[in-house]
>>> print(open('structure39.cif').read())   # mmCIF, C-alpha atoms
data_run
loop_
_atom_site.group_PDB
_atom_site.id
_atom_site.type_symbol
_atom_site.label_atom_id
_atom_site.label_comp_id
_atom_site.auth_asym_id
_atom_site.auth_seq_id
_atom_site.Cartn_x
_atom_site.Cartn_y
_atom_site.Cartn_z
ATOM 1 C CA MET A 1 59.584 17.001 -16.199
ATOM 2 C CA SER A 2 62.288 18.725 -14.161
ATOM 3 C CA THR A 3 65.980 19.296 -13.474
ATOM 4 C CA LEU A 4 68.204 16.662 -11.863
ATOM 5 C CA ILE A 5 71.369 17.348 -9.879
ATOM 6 C CA TYR A 6 73.949 14.576 -9.573
ATOM 7 C CA HIS A 7 76.556 14.715 -6.811
ATOM 8 C CA HIS A 8 78.295 12.457 -4.291
ATOM 9 C CA ASP A 9 80.294 12.785 -1.087
ATOM 10 C CA ALA A 10 83.193 11.086 -2.912
ATOM 11 C CA PHE A 11 83.851 14.409 -4.635
ATOM 12 C CA LEU A 12 84.889 15.753 -1.227
ATOM 13 C CA ARG A 13 87.478 12.984 -0.856
ATOM 14 C CA HIS A 14 89.545 13.928 -3.920
ATOM 15 C CA GLU A 15 92.291 15.858 -2.140
ATOM 16 C CA THR A 16 94.978 18.103 -3.584
ATOM 17 C CA PRO A 17 97.924 19.824 -1.879
ATOM 18 C CA GLU A 18 97.342 22.920 0.233
ATOM 19 C CA GLY A 19 97.039 25.982 -1.976
ATOM 20 C CA HIS A 20 95.980 24.021 -5.052
ATOM 21 C CA PRO A 21 93.129 25.841 -6.846
ATOM 22 C CA GLU A 22 91.181 22.634 -7.564
ATOM 23 C CA GLN A 23 90.389 22.120 -3.898
ATOM 24 C CA VAL A 24 87.752 20.357 -1.833
ATOM 25 C CA ALA A 25 86.274 23.734 -0.881
ATOM 26 C CA ARG A 26 85.023 24.077 -4.450
ATOM 27 C CA MET A 27 82.350 21.483 -3.686
ATOM 28 C CA THR A 28 81.260 23.455 -0.632
ATOM 29 C CA ALA A 29 80.916 26.537 -2.826
ATOM 30 C CA VAL A 30 78.923 24.606 -5.419
ATOM 31 C CA THR A 31 76.607 23.267 -2.695
ATOM 32 C CA LYS A 32 76.072 26.849 -1.514
ATOM 33 C CA GLY A 33 75.220 27.887 -5.063
ATOM 34 C CA LEU A 34 72.677 25.096 -5.402
ATOM 35 C CA MET A 35 70.757 26.115 -2.267
ATOM 36 C CA GLY A 36 67.328 27.301 -3.270
ATOM 37 C CA ILE A 37 67.358 25.448 -6.592
ATOM 38 C CA VAL A 38 64.252 23.265 -6.826
ATOM 39 C CA ALA A 39 65.547 20.015 -8.281
ATOM 40 C CA GLU A 40 65.736 16.309 -7.579
ATOM 41 C CA HIS A 41 69.131 15.238 -6.221
ATOM 42 C CA ARG A 42 70.673 11.872 -7.054
ATOM 43 C CA GLU A 43 73.973 10.235 -6.174
ATOM 44 C CA ALA A 44 76.446 9.901 -9.019
ATOM 45 C CA PRO A 45 77.131 6.190 -9.603
ATOM 46 C CA ILE A 46 80.529 4.672 -10.329
ATOM 47 C CA ALA A 47 81.093 4.473 -14.070
ATOM 48 C CA ASP A 48 81.287 1.176 -15.889
ATOM 49 C CA ASP A 49 84.701 0.504 -17.379
ATOM 50 C CA ALA A 50 82.977 0.135 -20.746
ATOM 51 C CA ASP A 51 81.984 3.797 -20.682
ATOM 52 C CA ILE A 52 85.519 4.964 -19.919
ATOM 53 C CA LEU A 53 86.827 2.748 -22.709
ATOM 54 C CA ARG A 54 84.661 4.639 -25.193
ATOM 55 C CA CYS A 55 87.325 7.379 -25.026
ATOM 56 C CA HIS A 56 90.372 6.050 -23.138
ATOM 57 C CA PRO A 57 92.405 2.860 -23.778
ATOM 58 C CA ALA A 58 92.405 0.002 -21.295
ATOM 59 C CA HIS A 59 96.098 0.477 -20.496
ATOM 60 C CA TYR A 60 95.421 4.050 -19.380
ATOM 61 C CA LEU A 61 92.614 3.048 -17.029
ATOM 62 C CA ALA A 62 94.795 0.255 -15.616
ATOM 63 C CA ARG A 63 97.721 2.651 -15.129
ATOM 64 C CA LEU A 64 95.615 5.098 -13.128
ATOM 65 C CA ARG A 65 94.309 2.295 -10.956
ATOM 66 C CA ASP A 66 97.851 1.102 -10.350
ATOM 67 C CA LEU A 67 99.004 4.610 -9.449
ATOM 68 C CA ALA A 68 96.128 5.342 -7.059
ATOM 69 C CA PRO A 69 97.691 5.829 -3.597
ATOM 70 C CA ALA A 70 96.343 4.181 -0.468
ATOM 71 C CA SER A 71 96.999 7.213 1.723
ATOM 72 C CA ARG A 72 99.390 9.888 0.508
ATOM 73 C CA THR A 73 98.889 12.407 -2.321
ATOM 74 C CA ILE A 74 100.891 11.905 -5.522
ATOM 75 C CA ALA A 75 101.512 14.131 -8.540
ATOM 76 C CA LEU A 76 100.674 12.870 -12.026
ATOM 77 C CA ASP A 77 102.119 16.091 -13.432
ATOM 78 C CA ALA A 78 102.785 19.570 -12.093
ATOM 79 C CA ASP A 79 99.041 20.338 -11.874
ATOM 80 C CA THR A 80 97.254 17.003 -11.580
ATOM 81 C CA TRP A 81 97.160 15.034 -8.335
ATOM 82 C CA MET A 82 95.750 11.830 -6.924
ATOM 83 C CA SER A 83 94.847 11.042 -3.323
ATOM 84 C CA ALA A 84 93.279 7.968 -1.762
ATOM 85 C CA GLY A 85 89.834 9.235 -2.726
ATOM 86 C CA THR A 86 90.600 10.429 -6.236
ATOM 87 C CA MET A 87 89.885 7.281 -8.230
ATOM 88 C CA GLU A 88 86.396 6.861 -6.805
ATOM 89 C CA ALA A 89 85.679 10.557 -7.372
ATOM 90 C CA ALA A 90 86.897 10.389 -10.979
ATOM 91 C CA LEU A 91 84.847 7.248 -11.664
ATOM 92 C CA ARG A 92 81.751 8.871 -10.149
ATOM 93 C CA ALA A 93 82.300 12.015 -12.227
ATOM 94 C CA VAL A 94 82.096 9.893 -15.371
ATOM 95 C CA GLY A 95 79.251 7.857 -13.881
ATOM 96 C CA GLY A 96 77.294 10.980 -12.984
ATOM 97 C CA VAL A 97 77.515 12.337 -16.531
ATOM 98 C CA SER A 98 76.579 8.942 -17.999
ATOM 99 C CA ALA A 99 73.607 8.590 -15.643
ATOM 100 C CA ALA A 100 72.492 12.129 -16.446
ATOM 101 C CA VAL A 101 72.615 11.352 -20.171
ATOM 102 C CA ASP A 102 70.545 8.207 -19.632
ATOM 103 C CA THR A 103 67.953 9.984 -17.494
ATOM 104 C CA VAL A 104 67.550 13.002 -19.757
ATOM 105 C CA LEU A 105 67.279 10.845 -22.869
ATOM 106 C CA SER A 106 64.678 8.669 -21.151
ATOM 107 C CA GLY A 107 62.486 11.735 -20.686
ATOM 108 C CA THR A 108 62.436 11.403 -16.899
ATOM 109 C CA ALA A 109 64.042 14.845 -16.605
ATOM 110 C CA THR A 110 64.413 17.710 -19.037
ATOM 111 C CA ASN A 111 67.976 18.558 -18.058
ATOM 112 C CA ALA A 112 70.654 17.792 -15.475
ATOM 113 C CA PHE A 113 73.671 19.296 -13.760
ATOM 114 C CA VAL A 114 76.528 17.091 -12.533
ATOM 115 C CA ALA A 115 78.315 18.750 -9.597
ATOM 116 C CA CYS A 116 81.519 16.754 -9.849
ATOM 117 C CA ARG A 117 85.248 16.855 -9.426
ATOM 118 C CA PRO A 118 87.870 16.207 -10.646
ATOM 119 C CA PRO A 119 86.967 18.046 -13.846
ATOM 120 C CA GLY A 120 87.471 16.355 -17.197
ATOM 121 C CA HIS A 121 87.924 18.509 -20.270
ATOM 122 C CA HIS A 122 91.752 18.531 -20.269
ATOM 123 C CA ALA A 123 92.216 14.739 -20.046
ATOM 124 C CA GLU A 124 93.481 13.418 -23.368
ATOM 125 C CA ARG A 125 93.277 9.853 -24.652
ATOM 126 C CA ASP A 126 96.073 8.470 -22.469
ATOM 127 C CA THR A 127 97.285 11.579 -20.634
ATOM 128 C CA PRO A 128 95.922 13.116 -17.431
ATOM 129 C CA MET A 129 96.458 16.864 -17.289
ATOM 130 C CA GLY A 130 95.057 20.156 -16.079
ATOM 131 C CA PHE A 131 93.497 18.637 -12.919
ATOM 132 C CA CYS A 132 91.642 16.061 -15.087
ATOM 133 C CA LEU A 133 91.796 12.242 -15.293
ATOM 134 C CA PHE A 134 88.924 11.230 -17.582
ATOM 135 C CA GLY A 135 87.038 13.092 -20.304
ATOM 136 C CA ASN A 136 83.745 13.188 -18.407
ATOM 137 C CA VAL A 137 81.678 15.069 -20.982
ATOM 138 C CA ALA A 138 83.279 13.441 -24.032
ATOM 139 C CA ILE A 139 82.485 10.029 -22.555
ATOM 140 C CA GLY A 140 78.893 11.092 -21.950
ATOM 141 C CA ALA A 141 78.608 12.241 -25.553
ATOM 142 C CA MET A 142 79.946 8.935 -26.848
ATOM 143 C CA ARG A 143 77.470 7.066 -24.632
ATOM 144 C CA ALA A 144 74.645 9.079 -26.170
ATOM 145 C CA LEU A 145 75.812 8.026 -29.635
ATOM 146 C CA ASP A 146 76.795 4.417 -29.123
ATOM 147 C CA HIS A 147 74.432 3.283 -26.351
ATOM 148 C CA HIS A 148 71.371 5.386 -27.192
ATOM 149 C CA GLY A 149 71.802 5.529 -30.962
ATOM 150 C CA LEU A 150 71.840 9.305 -31.382
ATOM 151 C CA SER A 151 73.413 10.730 -34.514
ATOM 152 C CA ARG A 152 73.874 14.434 -33.665
ATOM 153 C CA VAL A 153 75.228 15.592 -30.291
ATOM 154 C CA ALA A 154 76.471 19.100 -29.496
ATOM 155 C CA VAL A 155 79.231 19.493 -26.896
ATOM 156 C CA LEU A 156 79.721 23.093 -25.762
ATOM 157 C CA ASP A 157 82.537 24.272 -23.490
ATOM 158 C CA PHE A 158 82.634 27.765 -21.984
ATOM 159 C CA ASP A 159 85.436 27.183 -19.468
ATOM 160 C CA VAL A 160 88.120 29.883 -19.685
ATOM 161 C CA HIS A 161 90.715 27.238 -20.627
ATOM 162 C CA HIS A 162 90.484 25.396 -23.924
ATOM 163 C CA GLY A 163 88.968 21.924 -23.739
ATOM 164 C CA ASN A 164 92.004 20.313 -25.326
ATOM 165 C CA GLY A 165 91.133 16.899 -23.911
ATOM 166 C CA THR A 166 87.591 16.932 -25.271
ATOM 167 C CA GLN A 167 88.953 18.073 -28.632
ATOM 168 C CA ASN A 168 91.537 15.282 -28.600
ATOM 169 C CA LEU A 169 88.970 12.617 -27.705
ATOM 170 C CA LEU A 170 86.401 13.785 -30.272
ATOM 171 C CA TRP A 171 88.765 14.794 -33.100
ATOM 172 C CA GLU A 172 87.692 11.897 -35.347
ATOM 173 C CA GLU A 173 83.978 11.854 -34.427
ATOM 174 C CA PRO A 174 81.716 13.293 -37.174
ATOM 175 C CA ARG A 175 78.490 12.856 -35.179
ATOM 176 C CA ILE A 176 79.537 15.414 -32.554
ATOM 177 C CA ARG A 177 79.877 19.169 -32.967
ATOM 178 C CA PHE A 178 82.348 20.495 -30.393
ATOM 179 C CA VAL A 179 82.447 24.237 -29.672
ATOM 180 C CA SER A 180 84.879 25.733 -27.149
ATOM 181 C CA SER A 181 85.423 29.344 -26.148
ATOM 182 C CA GLN A 182 88.613 30.182 -24.263
ATOM 183 C CA GLN A 183 90.950 32.988 -23.365
ATOM 184 C CA MET A 184 93.867 33.094 -25.761
ATOM 185 C CA PRO A 185 96.728 33.214 -25.057
ATOM 186 C CA LEU A 186 96.391 31.011 -21.988
ATOM 187 C CA TRP A 187 97.298 27.495 -20.871
ATOM 188 C CA PRO A 188 97.114 24.877 -22.446
ATOM 189 C CA GLY A 189 97.943 26.860 -25.595
ATOM 190 C CA THR A 190 95.512 25.045 -27.893
ATOM 191 C CA GLY A 191 92.169 26.205 -29.273
ATOM 192 C CA ALA A 192 93.053 28.188 -32.394
ATOM 193 C CA PRO A 193 90.310 28.587 -35.023
ATOM 194 C CA SER A 194 92.446 26.494 -37.398
ATOM 195 C CA GLU A 195 91.912 23.432 -35.174
ATOM 196 C CA ARG A 196 88.825 22.094 -36.952
ATOM 197 C CA GLY A 197 88.742 18.346 -36.355
ATOM 198 C CA ALA A 198 89.000 15.530 -38.886
ATOM 199 C CA HIS A 199 85.583 16.398 -40.323
ATOM 200 C CA GLY A 200 85.469 20.159 -39.752
ATOM 201 C CA GLN A 201 83.166 19.530 -36.794
ATOM 202 C CA ILE A 202 85.146 21.496 -34.195
ATOM 203 C CA THR A 203 84.773 25.240 -33.659
ATOM 204 C CA ASN A 204 87.167 27.175 -31.428
ATOM 205 C CA LEU A 205 86.325 30.672 -30.238
ATOM 206 C CA PRO A 206 89.437 32.403 -28.837
ATOM 207 C CA LEU A 207 88.734 35.438 -26.641
ATOM 208 C CA ALA A 208 91.246 38.154 -25.858
ATOM 209 C CA PRO A 209 92.408 38.775 -22.274
ATOM 210 C CA GLY A 210 90.348 41.539 -20.719
ATOM 211 C CA SER A 211 87.299 40.892 -22.877
ATOM 212 C CA GLY A 212 83.899 40.418 -21.296
ATOM 213 C CA GLY A 213 80.249 39.765 -21.967
ATOM 214 C CA PRO A 214 79.875 41.646 -25.270
ATOM 215 C CA GLU A 215 82.783 39.759 -26.831
ATOM 216 C CA MET A 216 81.496 36.466 -25.445
ATOM 217 C CA TRP A 217 78.080 37.087 -26.957
ATOM 218 C CA ALA A 218 79.500 38.137 -30.338
ATOM 219 C CA ALA A 219 81.474 34.877 -30.510
ATOM 220 C CA TRP A 220 78.763 32.481 -29.314
ATOM 221 C CA ARG A 221 75.619 33.909 -30.910
ATOM 222 C CA PRO A 222 76.329 32.961 -34.569
ATOM 223 C CA VAL A 223 77.604 29.527 -33.575
ATOM 224 C CA LEU A 224 74.467 28.766 -31.572
ATOM 225 C CA ASP A 225 72.349 29.983 -34.488
ATOM 226 C CA SER A 226 74.158 27.611 -36.856
ATOM 227 C CA LEU A 227 73.644 24.706 -34.452
ATOM 228 C CA VAL A 228 69.889 25.314 -34.512
ATOM 229 C CA ASP A 229 69.997 24.486 -38.220
ATOM 230 C CA TRP A 230 72.019 21.323 -37.445
ATOM 231 C CA GLN A 231 69.277 20.109 -35.051
ATOM 232 C CA PRO A 232 71.242 18.380 -32.267
ATOM 233 C CA GLU A 233 69.459 15.594 -30.420
ATOM 234 C CA LEU A 234 71.244 16.338 -27.131
ATOM 235 C CA VAL A 235 73.375 19.201 -25.798
ATOM 236 C CA LEU A 236 76.191 18.537 -23.323
ATOM 237 C CA LEU A 237 78.027 21.326 -21.518
ATOM 238 C CA SER A 238 81.466 21.612 -20.019
ATOM 239 C CA ALA A 239 80.419 24.252 -17.515
ATOM 240 C CA GLY A 240 83.521 26.028 -16.312
ATOM 241 C CA PHE A 241 83.045 29.285 -14.422
ATOM 242 C CA ASP A 242 86.646 30.536 -14.447
ATOM 243 C CA ALA A 243 85.913 33.139 -17.126
ATOM 244 C CA HIS A 244 84.398 35.143 -14.257
ATOM 245 C CA ARG A 245 86.103 38.474 -13.705
ATOM 246 C CA ASP A 246 87.005 37.496 -10.119
ATOM 247 C CA ASP A 247 88.688 34.203 -11.009
ATOM 248 C CA PRO A 248 92.415 34.099 -10.143
ATOM 249 C CA LEU A 249 93.586 31.801 -12.971
ATOM 250 C CA ALA A 250 92.672 33.890 -16.019
ATOM 251 C CA ALA A 251 91.819 37.368 -17.251
ATOM 252 C CA LEU A 252 88.364 37.396 -18.832
ATOM 253 C CA ASN A 253 85.727 39.731 -17.438
ATOM 254 C CA TRP A 254 82.507 37.715 -17.536
ATOM 255 C CA THR A 255 79.894 38.452 -14.899
ATOM 256 C CA THR A 256 77.429 36.120 -13.226
ATOM 257 C CA ASP A 257 74.748 37.536 -15.527
ATOM 258 C CA ASP A 258 76.862 36.576 -18.556
ATOM 259 C CA PHE A 259 76.764 32.927 -17.499
ATOM 260 C CA ALA A 260 72.993 33.154 -17.098
ATOM 261 C CA ARG A 261 72.576 34.782 -20.504
ATOM 262 C CA LEU A 262 74.719 32.178 -22.246
ATOM 263 C CA THR A 263 72.842 29.381 -20.482
ATOM 264 C CA GLN A 264 69.538 30.851 -21.648
ATOM 265 C CA ALA A 265 70.800 30.900 -25.226
ATOM 266 C CA ILE A 266 72.006 27.305 -24.961
ATOM 267 C CA CYS A 267 68.595 26.272 -23.623
ATOM 268 C CA ASP A 268 67.019 28.063 -26.593
ATOM 269 C CA LEU A 269 69.197 25.926 -28.870
ATOM 270 C CA ALA A 270 68.147 22.816 -26.951
ATOM 271 C CA GLU A 271 64.506 23.485 -27.840
ATOM 272 C CA THR A 272 65.436 21.614 -31.033
ATOM 273 C CA CYS A 273 65.760 18.479 -28.848
ATOM 274 C CA ARG A 274 62.962 19.062 -26.328
ATOM 275 C CA GLY A 275 65.254 20.962 -23.974
ATOM 276 C CA ARG A 276 67.622 18.053 -23.359
ATOM 277 C CA VAL A 277 70.777 19.472 -21.728
ATOM 278 C CA VAL A 278 73.368 17.729 -19.554
ATOM 279 C CA SER A 279 75.835 20.095 -17.856
ATOM 280 C CA ALA A 280 78.934 19.021 -15.923
ATOM 281 C CA LEU A 281 81.144 21.170 -13.725
ATOM 282 C CA GLU A 282 84.626 22.012 -14.984
ATOM 283 C CA GLY A 283 86.609 25.005 -13.647
ATOM 284 C CA GLY A 284 85.910 27.978 -11.397
ATOM 285 C CA TYR A 285 88.394 28.842 -8.649
ATOM 286 C CA ASP A 286 87.166 31.951 -6.865
ATOM 287 C CA LEU A 287 84.789 30.341 -4.387
ATOM 288 C CA ASP A 288 82.284 33.189 -4.136
ATOM 289 C CA ALA A 289 82.196 33.656 -7.914
ATOM 290 C CA LEU A 290 81.827 29.899 -8.371
ATOM 291 C CA ALA A 291 78.848 29.734 -5.994
ATOM 292 C CA ALA A 292 77.126 32.681 -7.666
ATOM 293 C CA SER A 293 77.791 31.424 -11.194
ATOM 294 C CA VAL A 294 76.562 27.905 -10.433
ATOM 295 C CA ALA A 295 73.413 29.408 -8.921
ATOM 296 C CA ALA A 296 72.824 31.467 -12.071
ATOM 297 C CA HIS A 297 73.554 28.586 -14.456
ATOM 298 C CA VAL A 298 71.528 25.913 -12.692
ATOM 299 C CA GLY A 299 68.792 28.426 -11.923
ATOM 300 C CA VAL A 300 68.258 28.854 -15.661
ATOM 301 C CA LEU A 301 68.267 25.075 -16.172
ATOM 302 C CA GLU A 302 65.686 24.658 -13.407
ATOM 303 C CA GLU A 303 63.463 27.388 -14.854
ATOM 304 C CA ARG A 304 63.644 25.866 -18.331
ATOM 305 C CA GLY A 305 63.125 22.338 -17.030
ATOM 306 C CA ARG A 306 59.707 23.021 -15.503
#
>>> encode(input="structure39.cif", output="structure tokens")
Amino acid sequence: MSTLIYHHDAFLRHETPEGHPEQVARMTAVTKGLMGIVAEHREAPIADDADILRCHPAHYLARLRDLAPASRTIALDADTWMSAGTMEAALRAVGGVSAAVDTVLSGTATNAFVACRPPGHHAERDTPMGFCLFGNVAIGAMRALDHHGLSRVAVLDFDVHHGNGTQNLLWEEPRIRFVSSQQMPLWPGTGAPSERGAHGQITNLPLAPGSGGPEMWAAWRPVLDSLVDWQPELVLLSAGFDAHRDDPLAALNWTTDDFARLTQAICDLAETCRGRVVSALEGGYDLDALAASVAAHVGVLEERGR
């Protein structure tokens, strides 16, 4: 078995205004980071509407389709934009995660990385926000439950910003354990430890501005240990790399090695489910740091997928 990488040229056609941090150049940086990784590459397919409807209502999907511009760029809010290529990119982001879930659960590959944009973990049930349109990873988790019949799925989010959208979409779902670490205080302002989900299945790990690898490890280690006892059948990752010390949008001090170490620990957890990990790109806005962090993260996945 091996590692799969899902991507598509459509991710280059989601355009944002000049100076926007979630820019096309991020995909170029990710491609640079993936050079030298020995993995099979596949194109991310367009998602079925049925998968999107696992987390978002039909009226929301229809509204985004109606809003999609033919040429110009439009703002959905102060941070979130659509261009002529955005809808296809967003649908392929969901489709890439769904395909990765299917392939990993089939045993064809041990793990997968979905190099996609727009990101997804801020999109709430019927609200696009924080650069995100659809809850890519949450949808993949629900597919694993409802299409593949799993009963225990872990969703882990180490982006520097809280995965408020994933939390919103999975708040009522007892079959999923959602864990998110995030700088606090920081936009979007959610992610307090008191936010536990309808069944106590959500764990938030706030990290102080200026903290780095030791604080990250102290927060994540006991949670990963407890998840070993829970025995997840699949691990999905919201892989944001904006906790890096060089990232311009936040103030954590993680290094590239910290991302590798955390990925190793997550792969150790995934030994409970034969190494089955699906990782999808979220944030990361310093292009050099993004390339290096993706290389470290996917390098660990490739090593563990052999």
>>> closest_residue(input="structure39.cif", among="A:Gly200, A:Pro193, A:Pro128, A:Gly95", to="Arg175 in chain A", atoms="only C-alpha atoms")
A:Gly200
>>> residues_around(input="structure39.cif", residues="Arg65 in chain A", least_positions_apart="2", cutoff="12 Å", atoms="all atoms listed in the file", output="PyMOL selection string")
chain A and resi 49+58-63+67-70+82-88+90-91+133
>>> closest_atom_pairs(input="structure39.cif", of="range 31-60 of chain A", to="range 297-302 of chain A", cutoff="10 Å", atoms="only C-alpha atoms", output="CSV")
residue,atom,partner,partner_atom,distance
A:Gly33,CA,A:Val298,CA,8.7
A:Leu34,CA,A:Val298,CA,7.4
A:Gly36,CA,A:Gly299,CA,8.8
A:Ile37,CA,A:Gly299,CA,6.3
A:Val38,CA,A:Glu302,CA,6.9
A:Ala39,CA,A:Glu302,CA,6.9
>>> closest_residue(input="structure39.cif", among="A:Leu205, A:Met142, A:Ala115, A:Ala89", to="Ala219 in chain A", atoms="all atoms listed in the file")
A:Leu205
>>> resolve_selection(input="structure39.cif", expression="the PyMOL selection byres ((chain A and resi 152-160) around 6)", output="list in words")
Leu150, Ser151, His161, Arg175, Ile176, Arg177, Phe178, Val179, Ser180, Ser181, Gln182, Gln183, Pro232, Glu233, Leu234, Val235, Leu236, Leu237, Ser238, Gly240, Phe241, Asp242 and Ala243 of chain A
>>> write_last_selection(input="structure39.cif", atoms="C-alpha atoms", output="short mmCIF file (atom, residue, chain, number, x, y, z; two decimals), keeping the file's coordinate frame")
data_model
loop_
_atom_site.label_atom_id
_atom_site.label_comp_id
_atom_site.auth_asym_id
_atom_site.auth_seq_id
_atom_site.Cartn_x
_atom_site.Cartn_y
_atom_site.Cartn_z
CA LEU A 150 71.84 9.30 -31.38
CA SER A 151 73.41 10.73 -34.51
CA HIS A 161 90.72 27.24 -20.63
CA ARG A 175 78.49 12.86 -35.18
CA ILE A 176 79.54 15.41 -32.55
CA ARG A 177 79.88 19.17 -32.97
CA PHE A 178 82.35 20.50 -30.39
CA VAL A 179 82.45 24.24 -29.67
CA SER A 180 84.88 25.73 -27.15
CA SER A 181 85.42 29.34 -26.15
CA GLN A 182 88.61 30.18 -24.26
CA GLN A 183 90.95 32.99 -23.36
CA PRO A 232 71.24 18.38 -32.27
CA GLU A 233 69.46 15.59 -30.42
CA LEU A 234 71.24 16.34 -27.13
CA VAL A 235 73.38 19.20 -25.80
CA LEU A 236 76.19 18.54 -23.32
CA LEU A 237 78.03 21.33 -21.52
CA SER A 238 81.47 21.61 -20.02
CA GLY A 240 83.52 26.03 -16.31
CA PHE A 241 83.04 29.28 -14.42
CA ASP A 242 86.65 30.54 -14.45
CA ALA A 243 85.91 33.14 -17.13
#
>>> closest_residue(input="structure39.cif", among="A:Ala218, A:Leu12, A:Cys132, A:Ala25", to="Trp81 in chain A", atoms="all atoms listed in the file")
A:Cys132
>>> atom_distance(input="structure39.cif", atom1="CA of Asp48 in chain A", atom2="CA of Gln167 in chain A")
22.5 Å
>>> closest_residue(input="structure39.cif", among="A:Ala78, A:Ile266, A:Pro21, A:Arg54", to="Val228 in chain A", atoms="all atoms listed in the file")
A:Ile266
>>> resolve_selection(input="structure39.cif", expression="the PyMOL selection byres ((chain A and resi 135) around 9)", output="number ranges by chain")
A: 52, 55-56, 94, 119-125, 132-134, 136-140, 165-166, 169
>>> residues_around(input="structure39.cif", residues="Gly107 in chain A", least_positions_apart="2", cutoff="10 Å", atoms="only C-alpha atoms", output="list in words")
Met1, Ser2, Asp102, Thr103, Val104, Leu105, Ala109, Thr110, Asn111, Arg274 and Arg276 of chain A
>>> write_last_selection(input="structure39.cif", atoms="C-alpha atoms", output="PDB file, keeping the file's coordinate frame")
ATOM      1  CA  MET A   1      59.584  17.001 -16.199  1.00  0.00           C
ATOM      2  CA  SER A   2      62.288  18.725 -14.161  1.00  0.00           C
ATOM      3  CA  ASP A 102      70.545   8.207 -19.632  1.00  0.00           C
ATOM      4  CA  THR A 103      67.953   9.984 -17.494  1.00  0.00           C
ATOM      5  CA  VAL A 104      67.550  13.002 -19.757  1.00  0.00           C
ATOM      6  CA  LEU A 105      67.279  10.845 -22.869  1.00  0.00           C
ATOM      7  CA  ALA A 109      64.042  14.845 -16.605  1.00  0.00           C
ATOM      8  CA  THR A 110      64.413  17.710 -19.037  1.00  0.00           C
ATOM      9  CA  ASN A 111      67.976  18.558 -18.058  1.00  0.00           C
ATOM     10  CA  ARG A 274      62.962  19.062 -26.328  1.00  0.00           C
ATOM     11  CA  ARG A 276      67.622  18.053 -23.359  1.00  0.00           C
TER      12      ARG A 276
END
>>> resolve_selection(input="structure39.cif", expression="the PyMOL selection byres ((chain A and resi 100) around 8)", output="MDAnalysis selection string")
chainID A and resid 4 6 96:99 101:104 112:114 278
>>> residues_around(input="structure39.cif", residues="Leu269 in chain A", least_positions_apart="2", cutoff="9 Å", atoms="all atoms listed in the file", output="PyMOL selection string")
chain A and resi 224-225+227-228+231-232+235+264-267+271-273+275
>>> write_last_selection(input="structure39.cif", atoms="C-alpha atoms", output="PDB file, in the frame of the given file")
ATOM      1  CA  LEU A 224      74.467  28.766 -31.572  1.00  0.00           C
ATOM      2  CA  ASP A 225      72.349  29.983 -34.488  1.00  0.00           C
ATOM      3  CA  LEU A 227      73.644  24.706 -34.452  1.00  0.00           C
ATOM      4  CA  VAL A 228      69.889  25.314 -34.512  1.00  0.00           C
ATOM      5  CA  GLN A 231      69.277  20.109 -35.051  1.00  0.00           C
ATOM      6  CA  PRO A 232      71.242  18.380 -32.267  1.00  0.00           C
ATOM      7  CA  VAL A 235      73.375  19.201 -25.798  1.00  0.00           C
ATOM      8  CA  GLN A 264      69.538  30.851 -21.648  1.00  0.00           C
ATOM      9  CA  ALA A 265      70.800  30.900 -25.226  1.00  0.00           C
ATOM     10  CA  ILE A 266      72.006  27.305 -24.961  1.00  0.00           C
ATOM     11  CA  CYS A 267      68.595  26.272 -23.623  1.00  0.00           C
ATOM     12  CA  GLU A 271      64.506  23.485 -27.840  1.00  0.00           C
ATOM     13  CA  THR A 272      65.436  21.614 -31.033  1.00  0.00           C
ATOM     14  CA  CYS A 273      65.760  18.479 -28.848  1.00  0.00           C
ATOM     15  CA  GLY A 275      65.254  20.962 -23.974  1.00  0.00           C
TER      16      GLY A 275
END
>>> atom_distance(input="structure39.cif", atom1="CA of Arg42 in chain A", atom2="CA of Thr263 in chain A")
22.2 Å
>>> build_atoms(input="structure39.cif", residues="range 287-294 of chain A", atoms="N, CA and C atoms", output="PDB file, in the coordinates of the input")
ATOM      1  N   LEU A 287      85.889  31.102  -4.969  1.00  0.00           N
ATOM      2  CA  LEU A 287      84.789  30.341  -4.387  1.00  0.00           C
ATOM      3  C   LEU A 287      83.476  31.117  -4.393  1.00  0.00           C
ATOM      4  N   ASP A 288      83.513  32.403  -4.111  1.00  0.00           N
ATOM      5  CA  ASP A 288      82.284  33.189  -4.136  1.00  0.00           C
ATOM      6  C   ASP A 288      81.737  33.309  -5.554  1.00  0.00           C
ATOM      7  N   ALA A 289      82.624  33.559  -6.520  1.00  0.00           N
ATOM      8  CA  ALA A 289      82.196  33.656  -7.914  1.00  0.00           C
ATOM      9  C   ALA A 289      81.659  32.322  -8.409  1.00  0.00           C
ATOM     10  N   LEU A 290      82.291  31.222  -7.976  1.00  0.00           N
ATOM     11  CA  LEU A 290      81.827  29.899  -8.371  1.00  0.00           C
ATOM     12  C   LEU A 290      80.417  29.648  -7.846  1.00  0.00           C
ATOM     13  N   ALA A 291      80.177  29.941  -6.568  1.00  0.00           N
ATOM     14  CA  ALA A 291      78.848  29.734  -5.994  1.00  0.00           C
ATOM     15  C   ALA A 291      77.797  30.558  -6.730  1.00  0.00           C
ATOM     16  N   ALA A 292      78.092  31.811  -6.992  1.00  0.00           N
ATOM     17  CA  ALA A 292      77.126  32.681  -7.666  1.00  0.00           C
ATOM     18  C   ALA A 292      76.874  32.238  -9.101  1.00  0.00           C
ATOM     19  N   SER A 293      77.935  31.818  -9.791  1.00  0.00           N
ATOM     20  CA  SER A 293      77.791  31.424 -11.194  1.00  0.00           C
ATOM     21  C   SER A 293      77.039  30.112 -11.330  1.00  0.00           C
ATOM     22  N   VAL A 294      77.318  29.157 -10.433  1.00  0.00           N
ATOM     23  CA  VAL A 294      76.562  27.905 -10.433  1.00  0.00           C
ATOM     24  C   VAL A 294      75.084  28.184 -10.169  1.00  0.00           C
TER      25      VAL A 294
END
